[in-house]
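Chemist: For reference, this is upload-v3.cif, and it has mmCIF, C-alpha atoms.
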data_target
#
loop_
_atom_site.label_atom_id
_atom_site.label_comp_id
_atom_site.auth_asym_id
_atom_site.auth_seq_id
_atom_site.Cartn_x
_atom_site.Cartn_y
_atom_site.Cartn_z
CA MET A 1 -151.31 172.27 -50.41
CA GLU A 2 -147.73 173.47 -50.97
CA ALA A 3 -144.85 171.43 -49.67
CA THR A 4 -143.37 174.50 -47.99
CA GLN A 5 -146.18 174.66 -45.41
CA ASP A 6 -145.04 173.56 -41.97
CA TRP A 7 -146.90 171.03 -39.87
CA GLY A 8 -148.75 173.66 -37.85
CA GLU A 9 -150.13 175.32 -40.97
CA ARG A 10 -151.24 171.99 -42.43
CA LEU A 11 -152.90 171.12 -39.13
CA GLU A 12 -154.91 174.35 -39.06
CA VAL A 13 -156.27 173.49 -42.50
CA GLU A 14 -157.10 169.94 -41.44
CA ILE A 15 -158.80 171.09 -38.23
CA ALA A 16 -160.97 173.47 -40.22
CA ARG A 17 -161.87 170.63 -42.58
CA ALA A 18 -162.49 168.20 -39.74
CA PHE A 19 -164.92 170.57 -38.02
CA SER A 20 -167.17 170.75 -41.05
CA ASP A 21 -170.09 168.34 -40.66
CA LYS A 22 -169.60 166.93 -44.12
CA GLU A 23 -165.90 166.22 -43.55
CA LEU A 24 -166.51 164.64 -40.17
CA GLU A 25 -169.12 162.35 -41.64
CA ARG A 26 -166.89 161.38 -44.55
CA ASP A 27 -163.82 160.74 -42.39
CA ALA A 28 -165.64 158.94 -39.59
CA PRO A 29 -164.33 155.37 -39.11
CA GLN A 30 -166.50 152.88 -40.91
CA PRO A 31 -167.58 149.53 -39.46
CA CYS A 32 -164.93 146.88 -39.93
CA PRO A 33 -165.99 144.67 -42.87
CA ALA A 34 -166.60 141.02 -42.18
CA GLU A 35 -163.70 139.89 -44.31
CA ALA A 36 -161.27 141.95 -42.23
CA THR A 37 -161.64 139.56 -39.29
CA GLY A 38 -159.43 137.01 -40.99
CA SER A 39 -156.96 139.75 -41.92
CA ILE A 40 -156.60 140.78 -38.27
CA ALA A 41 -156.04 137.18 -37.19
CA ALA A 42 -153.48 136.69 -39.94
CA SER A 43 -151.65 139.90 -39.05
CA LEU A 44 -151.61 138.99 -35.38
CA GLY A 45 -150.32 135.50 -36.14
CA ARG A 46 -147.49 136.74 -38.37
CA LEU A 47 -146.55 139.37 -35.83
CA LEU A 48 -146.39 136.94 -32.91
CA LEU A 49 -144.37 134.39 -34.90
CA GLU A 50 -141.60 136.99 -35.17
CA LEU A 51 -142.11 138.72 -31.84
CA TYR A 52 -141.47 135.87 -29.43
CA PRO A 53 -138.25 134.56 -31.05
CA LEU A 54 -136.97 138.15 -31.17
CA ALA A 55 -137.54 138.51 -27.42
CA LEU A 56 -135.32 135.50 -26.78
CA THR A 57 -132.31 136.73 -28.73
CA ALA A 58 -132.24 140.56 -28.90
CA ASN A 59 -130.51 142.73 -26.33
CA ILE A 60 -132.45 145.28 -24.34
CA GLY A 61 -132.85 148.41 -26.46
CA GLU A 62 -132.27 146.52 -29.70
CA PHE A 63 -135.44 144.57 -28.95
CA GLU A 64 -137.61 147.68 -28.66
CA THR A 65 -136.24 149.10 -31.90
CA GLN A 66 -137.07 145.91 -33.81
CA LEU A 67 -140.46 145.71 -32.07
CA PHE A 68 -141.46 149.07 -33.55
CA SER A 69 -140.32 147.90 -36.99
CA LEU A 70 -142.46 144.77 -36.70
CA LEU A 71 -145.48 146.75 -35.58
CA ARG A 72 -145.19 149.11 -38.55
CA GLU A 73 -145.56 146.15 -40.89
CA HIS A 74 -149.11 145.72 -39.57
CA LEU A 75 -150.09 149.14 -38.17
CA ASP A 76 -149.58 152.51 -39.85
CA PHE A 77 -148.15 155.12 -37.46
CA ASP A 78 -145.62 157.95 -37.63
CA SER A 79 -144.25 157.85 -34.09
CA ALA A 80 -144.74 155.76 -30.96
CA TRP A 81 -144.07 155.42 -27.24
CA LEU A 82 -143.75 152.15 -25.34
CA GLY A 83 -143.48 152.54 -21.59
CA ARG A 84 -143.81 150.81 -18.22
CA SER A 85 -145.07 152.49 -15.08
CA THR A 86 -146.77 152.08 -11.75
CA LEU A 87 -149.61 154.28 -10.58
CA VAL A 88 -148.82 156.58 -7.67
CA ASP A 89 -151.84 158.57 -6.46
CA GLY A 90 -153.51 157.75 -9.75
CA THR A 91 -150.67 159.17 -11.87
CA PRO A 92 -148.12 157.10 -13.84
CA LEU A 93 -144.62 156.89 -12.39
CA MET A 94 -142.52 155.88 -15.38
CA HIS A 95 -139.87 153.17 -15.01
CA SER A 96 -138.78 152.50 -18.59
CA ASN A 97 -139.47 154.05 -21.97
CA ALA A 98 -138.76 153.36 -25.62
CA LEU A 99 -139.47 156.06 -28.19
CA TYR A 100 -139.89 155.82 -31.93
CA ARG A 101 -139.38 158.99 -33.98
CA LEU A 102 -139.97 161.27 -31.00
CA GLY A 103 -137.58 163.97 -29.82
CA ARG A 104 -135.36 163.73 -26.77
CA ASP A 105 -137.44 166.34 -24.95
CA PHE A 106 -140.67 164.36 -25.40
CA LEU A 107 -140.51 162.55 -22.05
CA SER A 108 -139.40 165.56 -20.00
CA GLU A 109 -142.19 167.66 -21.50
CA TRP A 110 -144.74 164.91 -20.87
CA GLU A 111 -143.62 164.64 -17.23
CA GLU A 112 -144.40 168.33 -16.78
CA ILE A 113 -147.90 167.98 -18.22
CA LYS A 114 -148.85 164.39 -17.40
CA PHE A 115 -151.50 165.48 -14.91
CA LYS A 116 -153.37 166.99 -17.87
CA ASP A 117 -152.97 164.02 -20.22
CA PRO A 118 -156.59 163.17 -21.17
CA LEU A 119 -155.65 159.61 -22.15
CA VAL A 120 -154.57 158.61 -18.63
CA PRO A 121 -158.04 158.59 -17.01
CA LEU A 122 -159.54 156.96 -20.10
CA VAL A 123 -157.15 153.99 -20.16
CA LYS A 124 -157.37 153.70 -16.36
CA SER A 125 -161.13 153.37 -16.52
CA ALA A 126 -161.00 150.59 -19.11
CA PRO A 127 -157.67 148.70 -18.95
CA GLY A 128 -156.97 146.75 -22.11
CA GLN A 129 -159.40 148.80 -24.21
CA PRO A 130 -157.84 150.97 -26.94
CA VAL A 131 -158.44 154.74 -26.71
CA HIS A 132 -158.37 156.89 -29.84
CA MET A 133 -158.24 160.66 -29.64
CA LEU A 134 -157.82 163.51 -32.11
CA ILE A 135 -156.08 166.80 -31.45
CA THR A 136 -159.46 168.42 -32.08
CA ASP A 137 -161.08 166.54 -29.19
CA GLU A 138 -162.72 168.90 -26.68
CA ARG A 139 -161.39 166.78 -23.79
CA MET A 140 -157.87 167.90 -24.67
CA CYS A 141 -156.90 171.01 -22.72
CA PRO A 142 -154.98 173.81 -24.51
CA GLU A 143 -151.69 172.94 -22.74
CA PHE A 144 -151.81 169.33 -23.80
CA ARG A 145 -152.90 170.29 -27.31
CA ARG A 146 -149.81 172.48 -27.61
CA PHE A 147 -147.72 169.54 -26.43
CA THR A 148 -149.14 167.33 -29.20
CA GLU A 149 -148.58 170.07 -31.76
CA ARG A 150 -144.90 170.37 -30.80
CA HIS A 151 -144.45 166.65 -31.42
CA ASP A 152 -146.51 166.39 -34.63
CA MET A 153 -149.23 164.27 -33.03
CA ALA A 154 -152.62 164.86 -34.66
CA GLN A 155 -154.03 161.45 -33.66
CA LEU A 156 -153.32 159.32 -30.61
CA LEU A 157 -154.11 155.63 -30.14
CA CYS A 158 -153.25 154.16 -26.75
CA VAL A 159 -153.77 150.73 -25.18
CA ILE A 160 -152.42 149.31 -21.92
CA SER A 161 -151.84 145.96 -20.29
CA VAL A 162 -151.90 145.72 -16.48
CA ASP A 163 -150.10 143.27 -14.21
CA PRO A 164 -152.25 143.54 -11.06
CA ALA A 165 -149.83 141.59 -8.89
CA LEU A 166 -147.03 144.13 -9.46
CA ASN A 167 -149.26 147.14 -10.21
CA LEU A 168 -147.20 147.38 -13.40
CA TRP A 169 -148.72 149.15 -16.39
CA THR A 170 -147.36 148.61 -19.90
CA HIS A 171 -148.66 151.09 -22.46
CA LEU A 172 -148.28 151.47 -26.20
CA SER A 173 -149.14 154.84 -27.71
CA LEU A 174 -149.18 155.22 -31.49
CA TYR A 175 -149.31 158.63 -33.18
CA ARG A 176 -150.15 159.94 -36.63
CA ASN A 177 -149.14 163.42 -37.71
CA SER A 178 -152.30 163.99 -39.76
CA LEU A 179 -156.01 163.89 -38.97
CA VAL A 180 -156.65 161.72 -42.02
CA PRO A 181 -156.73 158.85 -42.50
CA ARG A 182 -158.07 158.00 -39.07
CA PHE A 183 -156.99 155.06 -36.97
CA SER A 184 -159.60 152.47 -37.92
CA PRO A 185 -161.50 149.94 -35.80
CA ARG A 186 -159.17 147.35 -37.28
CA ASP A 187 -156.12 149.29 -36.03
CA SER A 188 -157.66 149.51 -32.56
CA GLU A 189 -158.57 145.84 -32.48
CA LEU A 190 -155.13 144.70 -33.59
CA GLY A 191 -153.52 146.97 -30.98
CA GLN A 192 -155.80 145.55 -28.31
CA LEU A 193 -155.03 141.95 -29.27
CA VAL A 194 -151.27 142.36 -29.45
CA MET A 195 -150.85 144.45 -26.28
CA PRO A 196 -150.85 141.56 -23.74
CA HIS A 197 -148.24 139.82 -25.89
CA ILE A 198 -146.07 142.95 -25.94
CA ALA A 199 -146.16 143.05 -22.13
CA SER A 200 -145.26 139.35 -22.06
CA VAL A 201 -142.36 139.57 -24.51
CA LEU A 202 -140.89 142.52 -22.62
CA ASN A 203 -140.69 140.27 -19.55
CA ILE A 204 -139.22 137.42 -21.60
CA ASN A 205 -136.62 139.70 -23.15
CA ARG A 206 -135.47 140.99 -19.76
CA VAL A 207 -135.31 137.55 -18.18
CA GLN A 208 -133.40 136.11 -21.13
CA TYR A 209 -130.97 139.01 -21.00
CA LEU A 210 -130.29 138.30 -17.33
CA GLU A 211 -129.69 134.65 -18.14
CA ARG A 212 -127.17 135.59 -20.82
CA VAL A 213 -125.41 137.86 -18.34
CA ARG A 214 -125.22 135.01 -15.83
CA HIS A 215 -123.85 132.70 -18.52
CA ARG A 216 -121.09 135.20 -19.40
CA THR A 217 -119.93 135.38 -15.79
CA GLY A 218 -119.05 131.67 -15.85
CA PRO A 219 -118.71 129.90 -12.50
CA GLN A 220 -118.71 133.08 -10.40
CA ARG A 221 -121.54 133.44 -7.92
CA ILE A 222 -123.12 136.53 -9.49
CA SER A 223 -126.78 137.52 -9.48
CA ALA A 224 -128.36 140.25 -11.57
CA ALA A 225 -131.34 142.58 -11.68
CA ILE A 226 -132.66 145.33 -13.93
CA CYS A 227 -133.70 148.57 -12.23
CA ASP A 228 -134.90 152.00 -13.22
CA SER A 229 -132.91 155.13 -12.36
CA ALA A 230 -134.68 155.42 -8.99
CA GLY A 231 -133.60 151.90 -8.02
CA VAL A 232 -137.02 150.29 -8.51
CA MET A 233 -136.38 146.65 -9.37
CA LEU A 234 -138.14 145.63 -12.58
CA TYR A 235 -136.62 142.16 -12.99
CA ALA A 236 -134.27 140.05 -10.87
CA ASP A 237 -133.03 136.49 -10.77
CA ALA A 238 -133.90 134.20 -7.88
CA ALA A 239 -130.69 134.70 -5.89
CA PHE A 240 -130.46 138.50 -6.13
CA ALA A 241 -132.48 139.21 -2.99
CA ASP A 242 -130.49 136.66 -0.95
CA LEU A 243 -127.23 138.45 -1.73
CA VAL A 244 -128.63 141.91 -0.96
CA LEU A 245 -129.95 140.60 2.37
CA LEU A 246 -126.39 139.62 3.34
CA GLU A 247 -125.61 143.32 3.51
CA TRP A 248 -128.99 144.65 4.66
CA PRO A 249 -130.94 141.98 6.62
CA GLU A 250 -133.89 144.37 7.13
CA TRP A 251 -134.32 145.05 3.42
CA ARG A 252 -137.85 144.32 2.17
CA GLY A 253 -137.28 144.35 -1.59
CA GLY A 254 -138.94 146.32 -4.35
CA ARG A 255 -136.28 148.99 -4.50
CA LEU A 256 -132.51 148.85 -4.08
CA PRO A 257 -131.23 149.91 -0.65
CA ALA A 258 -130.39 153.62 -0.54
CA PRO A 259 -126.57 153.15 -0.30
CA LEU A 260 -126.64 151.46 -3.73
CA LEU A 261 -128.45 154.28 -5.54
CA PRO A 262 -125.36 156.46 -6.23
CA ALA A 263 -123.97 153.60 -8.32
CA LEU A 264 -126.92 154.13 -10.71
CA LEU A 265 -126.23 157.83 -11.19
CA THR A 266 -122.90 157.51 -12.98
CA ASN A 267 -122.78 158.03 -16.72
CA GLU A 268 -122.02 154.45 -17.72
CA ARG A 269 -120.76 152.22 -14.89
CA GLY A 270 -120.98 152.45 -11.13
CA ALA A 271 -119.77 150.30 -8.26
CA PHE A 272 -120.35 149.66 -4.56
CA VAL A 273 -118.31 147.56 -2.15
CA GLY A 274 -119.89 146.77 1.21
CA ALA A 275 -119.06 144.56 4.13
CA HIS A 276 -120.61 141.49 2.50
CA LEU A 277 -121.25 142.19 -1.19
CA SER A 278 -119.81 143.87 -4.23
CA LEU A 279 -122.01 145.56 -6.84
CA GLN A 280 -121.52 146.81 -10.37
CA ALA A 281 -124.10 148.77 -12.34
CA GLU A 282 -124.19 149.70 -16.02
CA LYS A 283 -126.71 151.60 -18.11
CA LEU A 284 -129.12 149.82 -20.45
CA GLY A 285 -130.85 152.66 -22.23
CA ASP A 286 -132.86 154.35 -19.48
CA MET A 287 -132.54 151.28 -17.23
CA HIS A 288 -129.63 149.75 -15.34
CA LEU A 289 -128.16 146.26 -15.16
CA VAL A 290 -127.11 145.61 -11.56
CA GLN A 291 -124.83 142.66 -10.75
CA VAL A 292 -124.02 141.62 -7.17
CA ARG A 293 -121.80 138.93 -5.67
CA PRO A 294 -120.32 138.18 -2.25
CA ARG A 295 -117.48 140.52 -1.45
CA ALA A 296 -113.95 139.20 -1.92
CA ALA A 297 -110.81 140.58 -0.35
CA ILE A 298 -109.62 141.93 -3.70
CA ASP A 299 -112.73 144.13 -4.02
CA VAL A 300 -110.98 146.84 -2.02
CA LEU A 301 -108.47 147.32 -4.86
CA THR A 302 -108.94 149.78 -7.69
CA PRO A 303 -109.00 148.28 -11.21
CA LYS A 304 -105.43 149.48 -11.82
CA GLU A 305 -104.19 148.12 -8.49
CA LEU A 306 -105.83 144.78 -9.24
CA SER A 307 -104.23 144.60 -12.69
CA VAL A 308 -100.79 145.29 -11.25
CA ALA A 309 -101.30 142.79 -8.41
CA ARG A 310 -102.46 140.04 -10.80
CA LEU A 311 -99.44 140.38 -13.08
CA PHE A 312 -97.00 140.71 -10.22
CA GLY A 313 -98.54 137.66 -8.56
CA GLU A 314 -98.03 135.72 -11.79
CA GLY A 315 -94.28 136.29 -11.40
CA LEU A 316 -93.65 139.29 -13.65
CA THR A 317 -91.04 141.87 -12.57
CA TYR A 318 -91.78 145.56 -11.99
CA LYS A 319 -90.44 146.41 -15.44
CA ALA A 320 -92.40 143.61 -17.14
CA VAL A 321 -95.63 144.72 -15.47
CA ALA A 322 -94.90 148.31 -16.48
CA ARG A 323 -94.37 147.30 -20.13
CA ARG A 324 -97.52 145.15 -20.16
CA LEU A 325 -99.73 147.94 -18.76
CA GLY A 326 -98.00 150.90 -20.39
CA LEU A 327 -96.97 152.38 -17.03
CA SER A 328 -93.72 153.55 -15.53
CA PRO A 329 -91.96 151.25 -13.03
CA ALA A 330 -92.47 153.93 -10.35
CA THR A 331 -96.24 153.90 -10.97
CA VAL A 332 -96.28 150.11 -10.76
CA ARG A 333 -94.47 150.27 -7.41
CA HIS A 334 -97.00 152.83 -6.16
CA HIS A 335 -99.98 150.65 -7.12
CA LEU A 336 -98.33 147.61 -5.59
CA ARG A 337 -97.66 149.41 -2.29
CA GLN A 338 -101.33 150.44 -2.20
CA ALA A 339 -102.39 146.82 -2.81
CA TYR A 340 -100.09 145.55 -0.05
CA SER A 341 -101.51 148.09 2.38
CA LYS A 342 -105.17 147.42 1.57
CA LEU A 343 -104.79 143.62 1.61
CA HIS A 344 -102.48 143.59 4.67
CA ILE A 345 -99.86 141.46 2.93
CA GLN A 346 -96.11 141.82 2.43
CA ASN A 347 -94.81 139.82 -0.52
CA LYS A 348 -95.45 138.39 -3.99
CA GLY A 349 -96.31 134.92 -2.69
CA GLU A 350 -99.09 136.28 -0.49
CA ILE A 351 -100.56 138.20 -3.45
CA ALA A 352 -100.68 135.06 -5.62
CA TRP A 353 -102.25 133.03 -2.80
CA LEU A 354 -104.84 135.70 -1.98
CA LEU A 355 -105.89 136.28 -5.59
CA THR A 356 -106.24 132.54 -6.23
CA HIS A 357 -108.34 131.93 -3.14
CA ALA A 358 -110.44 135.08 -3.60
CA GLU A 359 -111.45 134.08 -7.14
CA ALA A 360 -112.16 130.52 -5.99
CA ALA A 361 -114.44 131.88 -3.27
CA MET A 362 -116.37 134.00 -5.78
CA ALA A 363 -116.98 130.92 -7.90
CA GLN A 364 -118.61 128.96 -5.09
#
Please, can you express the file's structure as structure tokens?
Modeler:
Amino acid sequence: MEATQDWGERLEVEIARAFSDKELERDAPQPCPAEATGSIAASLGRLLLELYPLALTANIGEFETQLFSLLREHLDFDSAWLGRSTLVDGTPLMHSNALYRLGRDFLSEWEEIKFKDPLVPLVKSAPGQPVHMLITDERMCPEFRRFTERHDMAQLLCVISVDPALNLWTHLSLYRNSLVPRFSPRDSELGQLVMPHIASVLNINRVQYLERVRHRTGPQRISAAICDSAGVMLYADAAFADLVLLEWPEWRGGRLPAPLLPALLTNERGAFVGAHLSLQAEKLGDMHLVQVRPRAAIDVLTPKELSVARLFGEGLTYKAVARRLGLSPATVRHHLRQAYSKLHIQNKGEIAWLLTHAEAAMAQ
């Protein structure tokens, strides 16, 4: 076969081969030999020895990238999708996704056709059992087959792990861009064995990340959570709900209160200041880190106003503040007047006192 043939042309040839009885018989997966049992156990052991320590140290996003690299040392695949979802009316509602060698339009295209994904009912009917499907499978409708063709997916191997308490589904889908060699029983078994551990290390990685965030904030009373773009809370520390309830006593959890959702829609960082709490949100891949703390008086200031007020409260003159921040003295005066008005104060001594006491209150 010439190298100039594109993937679609190669696939047509392979489909024709695969539909011949002789080729199907030759390429059919063979029973896993007895000696392979030890190989699977050894592969699983080596994989887990690296997987759990990685979950404790890697940042979100970096962890998924290294996870795919580890998996490829033990499983042969060309592309992959790791995702978390809940079932709504029997259909996955995705909360987080990590892709390996798949295009940016993969997820948006799958969302449009997910009701026709033949793997969904199969994994739902047998949670934890691996499902292997070829592009030639008659259960694959023409629309979904075209989707797999666009993304060079000739074989699909999917396995899920379910957290029944949270109705949270973690799935791993591995893809090969050729019909041969087939995913073997050994591949399926290893995927099945490692999947509960993948779900577990994802939780560990998120919790550890939150702990590192809390450590970086020092003595300040800050709590954190990780949410999807719709505000569904995927992970949160123990005090997060208590702080949110200060602002919304009727809140029942599960999803951020509606007034907080616009803070998730900004490109990188968003903020909210309420009567009782202050919130900051930043993107973590397709998720969001949300940090909340009790509101302080200085929360009403813009970042620039706060910078000017801090330096002025430390005793610097207008000109010194201007030089430090790269502003004109007139701009410094403007920011300072705004700070005075918002904080209802009148002089430098009151600024220093208010800033000191506000930061002390946040640390309690």
Chemist: Counting all atoms listed in the file, which residues of range 170-237 of chain A fall within 8 Å of range 56-59 of chain A, and what is the closest atom pair for each with its distance in Å at one decimal, ordered by chain and rising number, as CSV?
Modeler:
residue,atom,partner,partner_atom,distance
A:Ile204,CA,A:Leu56,CA,6.8
A:Asn205,CA,A:Leu56,CA,5.7
A:Gln208,CA,A:Leu56,CA,6.0
A:Tyr209,CA,A:Asn59,CA,6.5
Chemist: Using the selection just defined, write its residues with C-alpha atoms as a short mmCIF file (atom, residue, chain, number, x, y, z; two decimals), in the frame of the given file.
Modeler:
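After the write, result-v8.cif holds the following:
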data_model
loop_
_atom_site.label_atom_id
_atom_site.label_comp_id
_atom_site.auth_asym_id
_atom_site.auth_seq_id
_atom_site.Cartn_x
_atom_site.Cartn_y
_atom_site.Cartn_z
CA ILE A 204 -139.22 137.42 -21.60
CA ASN A 205 -136.62 139.70 -23.15
CA GLN A 208 -133.40 136.11 -21.13
CA TYR A 209 -130.97 139.01 -21.00
#
Chemist: Could you work out how far CA of Arg255 in chain A lies from CA of Gly285 in chain A, giving the answer in Å with one decimal?
Modeler: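 CA of Arg255 in chain A lies at a distance of 18.9 Å from CA of Gly285 in chain A.
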Chemist: Of the candidates A:Val213, A:Leu277, A:Leu107, A:Val244, which shows the shortest atom-to-atom distance to His151 in chain A, using only C-alpha atoms?
Modeler: A:Leu107
Chemist: By how many Å are CA of Trp248 in chain A and CA of Arg295 in chain A apart?
Modeler: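 Atom-to-atom, CA of Trp248 in chain A and CA of Arg295 in chain A are spaced 13.7 Å apart.
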Chemist: Can you tell me, as a PyMOL selection string, what residues are no more than 8 Å from range 162-177 of chain A when counting all atoms listed in the file, ignoring any on the same chain fewer than 6 positions away?
Modeler: chain A and resi 77-87+127-128+152-156+195+199
Chemist: State, in Å with one decimal place, the distance from CA of Ser200 in chain A to CA of Arg104 in chain A.
Modeler: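 About the pair CA of Ser200 in chain A and CA of Arg104 in chain A: they are 26.7 Å apart.
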